[in-house]
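Coordinates as given in input_18.cif (mmCIF, C-alpha atoms and all ligand atoms):
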data_final
loop_
_atom_site.label_atom_id
_atom_site.label_comp_id
_atom_site.auth_asym_id
_atom_site.auth_seq_id
_atom_site.Cartn_x
_atom_site.Cartn_y
_atom_site.Cartn_z
CA MET A 214 0.00 0.00 0.00
CA LEU A 215 1.04 3.59 -0.51
CA ALA A 216 0.09 6.70 1.43
CA ASP A 217 0.60 10.33 0.47
CA TYR A 218 0.91 12.37 3.66
CA HIS A 219 1.21 15.98 2.52
CA MET A 220 -1.49 17.77 0.55
CA HIS A 221 -3.62 20.89 0.55
CA LEU A 222 -7.31 21.01 -0.32
CA ILE A 223 -6.91 24.20 -2.32
CA HIS A 224 -4.12 25.91 -4.26
CA ASP A 225 -2.14 28.78 -2.75
CA GLY A 226 -3.65 31.48 -4.95
CA HIS A 227 -7.15 30.79 -3.67
CA GLU A 228 -8.51 33.72 -1.68
CA GLY A 229 -12.19 33.01 -0.94
CA LYS A 230 -13.80 30.49 1.38
CA CYS A 231 -11.86 27.21 1.39
CA PRO A 232 -13.55 23.96 0.36
CA TYR A 233 -13.38 22.11 3.65
CA THR A 234 -16.15 19.73 2.66
CA LEU A 235 -16.73 16.00 2.23
CA GLU A 236 -17.27 16.61 -1.49
CA ARG A 237 -13.80 18.07 -1.86
CA ILE A 238 -12.22 15.28 0.17
CA GLU A 239 -14.02 12.73 -1.99
CA GLU A 240 -12.56 14.40 -5.07
CA TYR A 241 -9.08 13.98 -3.57
CA LEU A 242 -9.77 10.34 -2.75
CA ARG A 243 -10.87 9.61 -6.30
CA ALA A 244 -7.72 11.23 -7.66
CA ALA A 245 -5.63 9.28 -5.14
CA GLU A 246 -7.19 6.02 -6.24
CA ALA A 247 -6.57 6.86 -9.89
CA ASN A 248 -2.90 7.53 -9.06
CA GLY A 249 -2.37 4.31 -7.08
CA ILE A 250 -2.45 5.90 -3.61
CA ASP A 251 -4.38 3.99 -0.95
CA GLU A 252 -4.44 6.51 1.88
CA ILE A 253 -4.22 10.31 1.99
CA GLY A 254 -3.15 12.57 4.82
CA ILE A 255 -4.64 16.03 4.44
CA THR A 256 -2.41 18.76 5.82
CA ASP A 257 -3.70 22.20 5.06
CA HIS A 258 -1.49 25.07 5.95
CA CYS A 259 -1.90 26.73 9.35
CA ASP A 260 -1.98 30.23 7.86
CA ARG A 261 -5.42 29.47 6.42
CA PHE A 262 -6.88 29.48 9.93
CA ARG A 263 -7.87 32.38 12.12
CA GLU A 264 -6.60 30.57 15.23
CA PHE A 265 -3.06 31.04 13.89
CA ARG A 266 -3.26 34.80 13.39
CA PRO A 267 -1.69 35.57 16.79
CA VAL A 268 1.11 33.08 16.07
CA MET A 269 2.07 34.54 12.68
CA GLU A 270 0.77 38.08 12.56
CA HIS A 271 4.19 39.51 13.49
CA LEU A 272 5.34 38.49 9.99
CA ILE A 273 3.20 41.21 8.43
CA THR A 274 3.18 43.92 11.09
CA GLY A 275 5.77 46.32 12.47
CA PRO A 276 9.14 47.16 10.91
CA GLY A 277 11.14 44.89 8.60
CA THR A 278 8.26 43.21 6.77
CA TYR A 279 8.60 41.88 3.23
CA GLU A 280 6.15 42.90 0.55
CA ALA A 281 5.97 39.36 -0.82
CA VAL A 282 5.12 37.97 2.62
CA THR A 283 2.53 40.63 3.32
CA LYS A 284 0.92 39.97 -0.04
CA TRP A 285 0.91 36.25 0.73
CA LEU A 286 -0.45 36.38 4.27
CA SER A 287 -2.66 39.45 4.44
CA LYS A 288 -5.69 37.60 3.07
CA ARG A 289 -5.11 34.51 5.22
CA PHE A 290 -6.16 33.60 8.77
CA SER A 291 -9.82 33.54 7.75
CA GLU A 292 -11.04 29.94 8.13
CA PRO A 293 -12.24 28.41 11.39
CA LEU A 294 -10.07 25.42 12.26
CA ASP A 295 -13.17 23.63 13.61
CA GLU A 296 -14.71 23.38 10.15
CA TYR A 297 -11.61 21.93 8.60
CA VAL A 298 -11.13 19.32 11.32
CA GLU A 299 -14.84 18.48 11.31
CA ALA A 300 -14.72 17.65 7.58
CA LEU A 301 -11.71 15.39 8.14
CA VAL A 302 -13.33 13.67 11.12
CA GLN A 303 -16.51 13.06 9.15
CA ALA A 304 -14.52 11.56 6.28
CA LYS A 305 -12.80 9.22 8.73
CA GLN A 306 -16.11 8.29 10.34
CA ARG A 307 -17.30 7.18 6.92
CA GLY A 308 -14.41 4.78 6.79
CA TRP A 309 -12.59 6.73 4.08
CA PRO A 310 -8.81 6.25 4.03
CA VAL A 311 -8.10 9.79 5.21
CA LYS A 312 -5.83 11.05 7.97
CA ALA A 313 -6.28 14.33 9.80
CA GLY A 314 -3.17 16.46 9.59
CA LEU A 315 -2.00 20.06 9.54
CA GLU A 316 1.12 21.77 8.22
CA VAL A 317 2.29 24.12 10.95
CA ASP A 318 5.08 26.68 10.62
CA TYR A 319 7.72 26.60 13.29
CA MET A 320 7.72 30.07 14.83
CA PRO A 321 10.43 30.35 17.48
CA GLY A 322 9.04 31.76 20.72
CA MET A 323 5.50 30.75 19.79
CA GLU A 324 5.80 27.10 20.81
CA ASP A 325 3.32 27.33 23.69
CA ALA A 326 0.75 29.20 21.64
CA ILE A 327 1.00 26.62 18.86
CA ARG A 328 0.77 23.76 21.35
CA GLU A 329 -2.38 25.24 22.83
CA ILE A 330 -4.09 25.54 19.44
CA LEU A 331 -3.18 22.01 18.42
CA ALA A 332 -4.11 20.39 21.75
CA VAL A 333 -7.87 20.35 21.33
CA TYR A 334 -8.03 18.52 17.98
CA PRO A 335 -7.78 14.81 17.12
CA TRP A 336 -4.79 14.94 14.74
CA ASP A 337 -3.29 11.82 13.26
CA TYR A 338 -0.07 13.77 12.78
CA VAL A 339 1.25 17.31 12.55
CA LEU A 340 3.80 18.41 9.95
CA GLY A 341 6.44 20.92 11.00
CA SER A 342 7.71 23.34 8.37
CA VAL A 343 10.18 26.15 8.15
CA HIS A 344 9.14 28.66 5.48
CA PHE A 345 10.30 31.79 7.30
CA ILE A 346 13.58 33.08 8.67
CA GLY A 347 12.53 36.00 10.86
CA LYS A 348 9.99 37.89 8.77
CA TRP A 349 11.38 36.67 5.48
CA GLY A 350 9.60 33.94 3.50
CA ILE A 351 12.37 31.88 1.94
CA ASP A 352 10.24 30.06 -0.64
CA ILE A 353 8.03 32.81 -2.03
CA SER A 354 10.26 34.30 -4.73
CA PRO A 355 13.97 34.33 -5.61
CA ASP A 356 13.58 38.11 -5.91
CA SER A 357 12.41 38.55 -2.33
CA GLY A 358 15.14 38.51 0.30
CA TRP A 359 17.59 36.29 -1.58
CA PRO A 360 19.52 38.90 -3.62
CA GLU A 361 20.74 40.79 -0.52
CA ARG A 362 21.62 37.71 1.53
CA ASP A 363 24.62 35.49 2.07
CA VAL A 364 23.58 31.96 1.09
CA ASP A 365 25.84 30.26 3.65
CA GLN A 366 24.25 32.35 6.39
CA VAL A 367 20.77 31.51 5.11
CA TYR A 368 21.55 27.78 5.21
CA GLU A 369 22.85 28.07 8.78
CA GLU A 370 19.77 29.91 9.94
CA TYR A 371 17.38 27.64 8.07
CA PHE A 372 18.84 24.43 9.50
CA ASP A 373 19.08 25.97 12.96
CA LEU A 374 15.31 26.63 12.86
CA LEU A 375 14.64 23.12 11.59
CA VAL A 376 16.71 21.64 14.42
CA ARG A 377 14.73 23.70 16.92
CA ALA A 378 11.47 22.61 15.26
CA ALA A 379 12.53 18.97 15.62
CA GLY A 380 13.21 19.45 19.32
CA SER A 381 10.07 21.49 20.01
CA GLY A 382 7.86 18.48 20.68
CA LEU A 383 5.19 20.02 18.43
CA TYR A 384 5.62 17.85 15.38
CA ASP A 385 5.42 14.24 14.23
CA VAL A 386 7.10 14.83 10.86
CA LEU A 387 9.38 17.51 9.41
CA ALA A 388 8.12 18.58 5.99
CA HIS A 389 10.32 19.23 2.92
CA PRO A 390 13.46 19.20 5.12
CA ASP A 391 15.73 21.21 2.83
CA LEU A 392 13.26 23.62 1.27
CA VAL A 393 15.98 26.26 1.45
CA LYS A 394 17.36 24.91 -1.86
CA LYS A 395 14.08 25.63 -3.67
CA PHE A 396 15.38 28.33 -6.02
CA GLY A 397 18.73 26.63 -6.60
CA HIS A 398 20.82 28.62 -4.09
CA ARG A 399 23.68 26.42 -2.93
CA PRO A 400 26.06 27.26 -0.08
CA ARG A 401 29.80 27.68 -0.68
CA ARG A 402 30.59 25.75 2.48
CA SER A 403 29.65 22.07 2.55
CA PRO A 404 26.17 21.66 4.06
CA THR A 405 27.13 18.23 5.48
CA PRO A 406 27.60 19.48 9.09
CA LEU A 407 24.18 21.14 8.92
CA TYR A 408 22.63 17.91 7.63
CA GLU A 409 24.31 15.99 10.45
CA LYS A 410 22.92 18.34 13.08
CA LEU A 411 19.46 18.00 11.59
CA VAL A 412 19.53 14.22 11.43
CA ASP A 413 20.84 14.04 15.02
CA ALA A 414 18.03 16.31 16.22
CA VAL A 415 15.38 14.29 14.38
CA ALA A 416 16.77 11.03 15.78
CA GLN A 417 16.88 12.47 19.29
CA ALA A 418 13.31 13.78 19.02
CA GLY A 419 12.06 10.42 17.77
CA ILE A 420 10.10 11.98 14.92
CA ALA A 421 9.91 11.29 11.19
CA ILE A 422 10.87 13.25 8.10
CA GLU A 423 9.06 13.33 4.81
CA LEU A 424 10.42 12.37 1.44
CA SER A 425 8.75 14.93 -0.80
CA THR A 426 8.38 14.95 -4.56
CA ALA A 427 7.14 18.56 -4.59
CA GLY A 428 10.22 20.03 -6.25
CA ILE A 429 10.17 17.61 -9.17
CA ARG A 430 7.00 19.23 -10.50
CA ARG A 431 8.78 22.59 -10.48
CA GLY A 432 11.67 21.20 -12.45
CA GLU A 433 14.05 20.76 -9.52
CA LYS A 434 16.42 17.86 -9.94
CA GLU A 435 16.24 16.60 -6.38
CA LEU A 436 13.63 15.34 -4.02
CA TYR A 437 13.38 16.92 -0.58
CA PRO A 438 15.59 16.06 1.25
CA ALA A 439 18.89 15.83 -0.68
CA PRO A 440 20.35 12.36 -1.38
CA GLU A 441 23.00 12.87 1.32
CA VAL A 442 20.34 13.58 3.96
CA MET A 443 18.39 10.50 2.93
CA GLU A 444 21.52 8.37 3.31
CA MET A 445 22.05 9.75 6.82
CA CYS A 446 18.40 9.20 7.74
CA ALA A 447 18.49 5.61 6.52
CA ALA A 448 21.68 4.97 8.50
CA GLU A 449 20.01 6.38 11.65
CA GLY A 450 16.79 4.43 11.08
CA ILE A 451 14.70 7.60 10.96
CA PRO A 452 11.12 6.88 9.86
CA ILE A 453 9.90 8.52 6.65
CA THR A 454 6.57 9.49 5.21
CA LEU A 455 5.94 9.84 1.47
CA ALA A 456 4.63 13.18 0.28
CA SER A 457 3.60 14.99 -2.87
CA ASP A 458 2.64 18.35 -1.29
CA ALA A 459 -0.24 18.35 -3.79
CA HIS A 460 -2.26 21.55 -4.07
CA TYR A 461 -4.52 20.01 -6.72
CA PRO A 462 -6.12 16.52 -6.67
CA GLU A 463 -4.24 15.40 -9.78
CA HIS A 464 -0.89 15.89 -8.04
CA ILE A 465 -1.58 13.29 -5.35
CA GLY A 466 1.10 10.61 -5.57
CA ALA A 467 2.94 12.56 -8.29
CA ASP A 468 6.45 11.23 -9.03
CA PHE A 469 6.19 8.62 -6.29
CA ASN A 470 8.24 6.29 -8.50
CA ARG A 471 11.16 8.66 -7.96
CA ALA A 472 10.55 8.54 -4.20
CA LEU A 473 10.36 4.75 -4.17
CA ASP A 474 13.59 4.47 -6.17
CA GLU A 475 15.26 6.76 -3.65
CA CYS A 476 14.00 4.62 -0.74
CA GLU A 477 15.45 1.56 -2.43
CA ARG A 478 18.74 3.30 -3.16
CA VAL A 479 19.35 4.18 0.50
CA GLY A 480 17.92 0.94 1.88
CA TYR A 481 14.52 1.83 3.31
CA THR A 482 12.19 -1.17 3.48
CA HIS A 483 9.31 0.64 5.22
CA PHE A 484 7.60 4.01 5.27
CA THR A 485 5.40 5.22 8.07
CA ARG A 486 1.70 5.94 8.44
CA PHE A 487 0.13 7.55 11.49
CA GLU A 488 -2.89 6.84 13.62
CA GLU A 489 -3.69 9.37 16.33
CA ARG A 490 -0.08 10.51 16.47
CA THR A 491 1.27 6.97 16.71
CA ARG A 492 3.52 5.68 13.95
CA VAL A 493 2.45 2.61 11.98
CA PRO A 494 5.26 1.18 9.86
CA GLU A 495 4.23 -0.11 6.46
CA PRO A 496 6.32 -2.16 4.03
CA LEU A 497 7.30 -0.41 0.81
CA SER A 498 5.95 -2.49 -1.99
ZN ZN A 501 5.36 23.73 3.12
ZN ZN A 502 2.56 22.00 2.00
#
Using structure tokens, write down the structure that the file contains.
Ligand SMILES: [Zn+2]
Ligand SMILES: [Zn+2]
Amino acid sequence: MLADYHMHLIHDGHEGKCPYTLERIEEYLRAAEANGIDEIGITDHCDRFREFRPVMEHLITGPGTYEAVTKWLSKRFSEPLDEYVEALVQAKQRGWPVKAGLEVDYMPGMEDAIREILAVYPWDYVLGSVHFIGKWGIDISPDSGWPERDVDQVYEEYFDLLVRAAGSGLYDVLAHPDLVKKFGHRPRRSPTPLYEKLVDAVAQAGIAIELSTAGIRRGEKELYPAPEVMEMCAAEGIPITLASDAHYPEHIGADFNRALDECERVGYTHFTRFEERTRVPEPLS
């Protein structure tokens, strides 16, 4: 069996009411089935939900904000988290192969606030992501923030945040663990020590990382994470989930052949599913 554990019910450009409905979930399940995926984990992004406004609002207020980030986030924080979770719970109650997840930004200093929001809902798993360094969104545009920055410094700061996210106790899985390479910026210094720190932190925290095919659709050569990180994870026995980061139904399970080849290359025999925040290993077949 195969499970895709990272997807969004609506694309990023969508600005109106979000389709947190059984009909939309059914559409995703049909697409999953057509693409050979047996179970889907739905992980909409926390910035869709009004509960997360206090956690992330500092990104678009006060001095030092980025136009691209403000444009991105100013129309967010509108949906009630209850409605989203309710749709997922109903889908599960119908016996549909759906898991209830959420993709939650790691915001240093906001750990308690995030924990409080998450505590009242029946998640199967929570994805931890780093998309921001301070007020800067690293993955929005190569023209925003990147030109004036030192890439080595960016890598240091990015991996430092990811290490802290791993140790925060908030997350079951780290999403797209080297997203910092998205626009092709590569550090001058070898990133190996940063990778080692990350893999140590993930091992110590006892959480999983995802193997994501998201970049392949954008023409990137590599999966997330880089081959070297995958080798380290396999050596440490770190559990992995499989992920497309689909924002449209047709992208569910996209390029999973690449992901499965990578698992074989580094020696993974299992991936992991989740039930109520408990890992369930599943053979890769
Ligand atoms: Zn993400
Ligand atoms: Zn995502």
Between A:Glu329, A:Asp318, A:Glu369, A:Glu435, which one has atoms that come closest to Leu411 of chain A, using all atoms listed in the file?
-> A:Glu369
Contact table chain A vs ligand ZN 502 (chain A), cut-off 12 Å, shortest pair per residue, all atoms listed in the file, as a Markdown table:
| residue | atom | partner | partner_atom | distance |
| --- | --- | --- | --- | --- |
| A:Asp217 | CA | A:ZN502 | ZN | 11.9 |
| A:Tyr218 | CA | A:ZN502 | ZN | 9.9 |
| A:His219 | CA | A:ZN502 | ZN | 6.2 |
| A:Met220 | CA | A:ZN502 | ZN | 6.0 |
| A:His221 | CA | A:ZN502 | ZN | 6.4 |
| A:Leu222 | CA | A:ZN502 | ZN | 10.2 |
| A:Ile223 | CA | A:ZN502 | ZN | 10.6 |
| A:His224 | CA | A:ZN502 | ZN | 10.0 |
| A:Asp225 | CA | A:ZN502 | ZN | 9.5 |
| A:Gly254 | CA | A:ZN502 | ZN | 11.4 |
| A:Ile255 | CA | A:ZN502 | ZN | 9.7 |
| A:Thr256 | CA | A:ZN502 | ZN | 7.1 |
| A:Asp257 | CA | A:ZN502 | ZN | 7.0 |
| A:His258 | CA | A:ZN502 | ZN | 6.4 |
| A:Cys259 | CA | A:ZN502 | ZN | 9.8 |
| A:Asp260 | CA | A:ZN502 | ZN | 11.1 |
| A:Arg261 | CA | A:ZN502 | ZN | 11.8 |
| A:Gly314 | CA | A:ZN502 | ZN | 11.0 |
| A:Leu315 | CA | A:ZN502 | ZN | 9.0 |
| A:Glu316 | CA | A:ZN502 | ZN | 6.4 |
| A:Val317 | CA | A:ZN502 | ZN | 9.2 |
| A:Asp318 | CA | A:ZN502 | ZN | 10.1 |
| A:Val339 | CA | A:ZN502 | ZN | 11.6 |
| A:Leu340 | CA | A:ZN502 | ZN | 8.8 |
| A:Gly341 | CA | A:ZN502 | ZN | 9.9 |
| A:Ser342 | CA | A:ZN502 | ZN | 8.3 |
| A:Val343 | CA | A:ZN502 | ZN | 10.6 |
| A:His344 | CA | A:ZN502 | ZN | 10.0 |
| A:Asp352 | CA | A:ZN502 | ZN | 11.4 |
| A:Leu387 | CA | A:ZN502 | ZN | 11.0 |
| A:Ala388 | CA | A:ZN502 | ZN | 7.7 |
| A:His389 | CA | A:ZN502 | ZN | 8.3 |
| A:Pro390 | CA | A:ZN502 | ZN | 11.7 |
| A:Leu392 | CA | A:ZN502 | ZN | 10.8 |
| A:Glu423 | CA | A:ZN502 | ZN | 11.2 |
| A:Ser425 | CA | A:ZN502 | ZN | 9.8 |
| A:Thr426 | CA | A:ZN502 | ZN | 11.3 |
| A:Ala427 | CA | A:ZN502 | ZN | 8.7 |
| A:Gly428 | CA | A:ZN502 | ZN | 11.4 |
| A:Ala456 | CA | A:ZN502 | ZN | 9.2 |
| A:Ser457 | CA | A:ZN502 | ZN | 8.6 |
| A:Asp458 | CA | A:ZN502 | ZN | 4.9 |
| A:Ala459 | CA | A:ZN502 | ZN | 7.4 |
| A:His460 | CA | A:ZN502 | ZN | 7.8 |
| A:Tyr461 | CA | A:ZN502 | ZN | 11.4 |
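Minimum atom-to-atom distances from A:Arg471, A:Arg492, A:Lys312, A:Lys348 to Ile420 of chain A were compared using only C-alpha atoms, and the lowest value belongs to A:Arg492.
For the pair atom CA of Glu409 of chain A and atom CA of Phe396 of chain A, the interatomic distance is 22.4 Å.
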How many Å lie between atom CA of Asp365 of chain A and atom CA of Ile451 of chain A, rounded to one decimal?
-> 26.3 Å
Near segment 237-240 of chain A, counting all atoms listed in the file, which residues have an atom at most 10 Å away, once you skip same-chain residues fewer than 4 positions from it, shown as a ChimeraX atom specification?
-> /A:222-223,231-233,244-245,253,255,300-301,304,309,311,461-463
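What separates atom CA of Ile327 of chain A from atom CA of Glu228 of chain A is a distance of 23.7 Å.
The environment of Leu374 of chain A within 10 Å, counting all atoms listed in the file and disregarding residues fewer than 2 places along the same chain, consists of Tyr319, Met320, Pro321, Ser342, Val343, His344, Phe345, Ile346, Gly347, Tyr368, Glu369, Glu370, Tyr371, Phe372, Val376, Arg377, Ala378, Ala379, Gly380 and Leu411 of chain A.
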Can I get the selection written as a PDB file, keeping the file's coordinate frame, with C-alpha atoms?
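Okay, part.pdb is ready:
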ATOM      1  CA  TYR A 319       7.720  26.600  13.290  1.00  0.00           C
ATOM      2  CA  MET A 320       7.720  30.070  14.830  1.00  0.00           C
ATOM      3  CA  PRO A 321      10.430  30.350  17.480  1.00  0.00           C
ATOM      4  CA  SER A 342       7.710  23.340   8.370  1.00  0.00           C
ATOM      5  CA  VAL A 343      10.180  26.150   8.150  1.00  0.00           C
ATOM      6  CA  HIS A 344       9.140  28.660   5.480  1.00  0.00           C
ATOM      7  CA  PHE A 345      10.300  31.790   7.300  1.00  0.00           C
ATOM      8  CA  ILE A 346      13.580  33.080   8.670  1.00  0.00           C
ATOM      9  CA  GLY A 347      12.530  36.000  10.860  1.00  0.00           C
ATOM     10  CA  TYR A 368      21.550  27.780   5.210  1.00  0.00           C
ATOM     11  CA  GLU A 369      22.850  28.070   8.780  1.00  0.00           C
ATOM     12  CA  GLU A 370      19.770  29.910   9.940  1.00  0.00           C
ATOM     13  CA  TYR A 371      17.380  27.640   8.070  1.00  0.00           C
ATOM     14  CA  PHE A 372      18.840  24.430   9.500  1.00  0.00           C
ATOM     15  CA  VAL A 376      16.710  21.640  14.420  1.00  0.00           C
ATOM     16  CA  ARG A 377      14.730  23.700  16.920  1.00  0.00           C
ATOM     17  CA  ALA A 378      11.470  22.610  15.260  1.00  0.00           C
ATOM     18  CA  ALA A 379      12.530  18.970  15.620  1.00  0.00           C
ATOM     19  CA  GLY A 380      13.210  19.450  19.320  1.00  0.00           C
ATOM     20  CA  LEU A 411      19.460  18.000  11.590  1.00  0.00           C
TER      21      LEU A 411
END
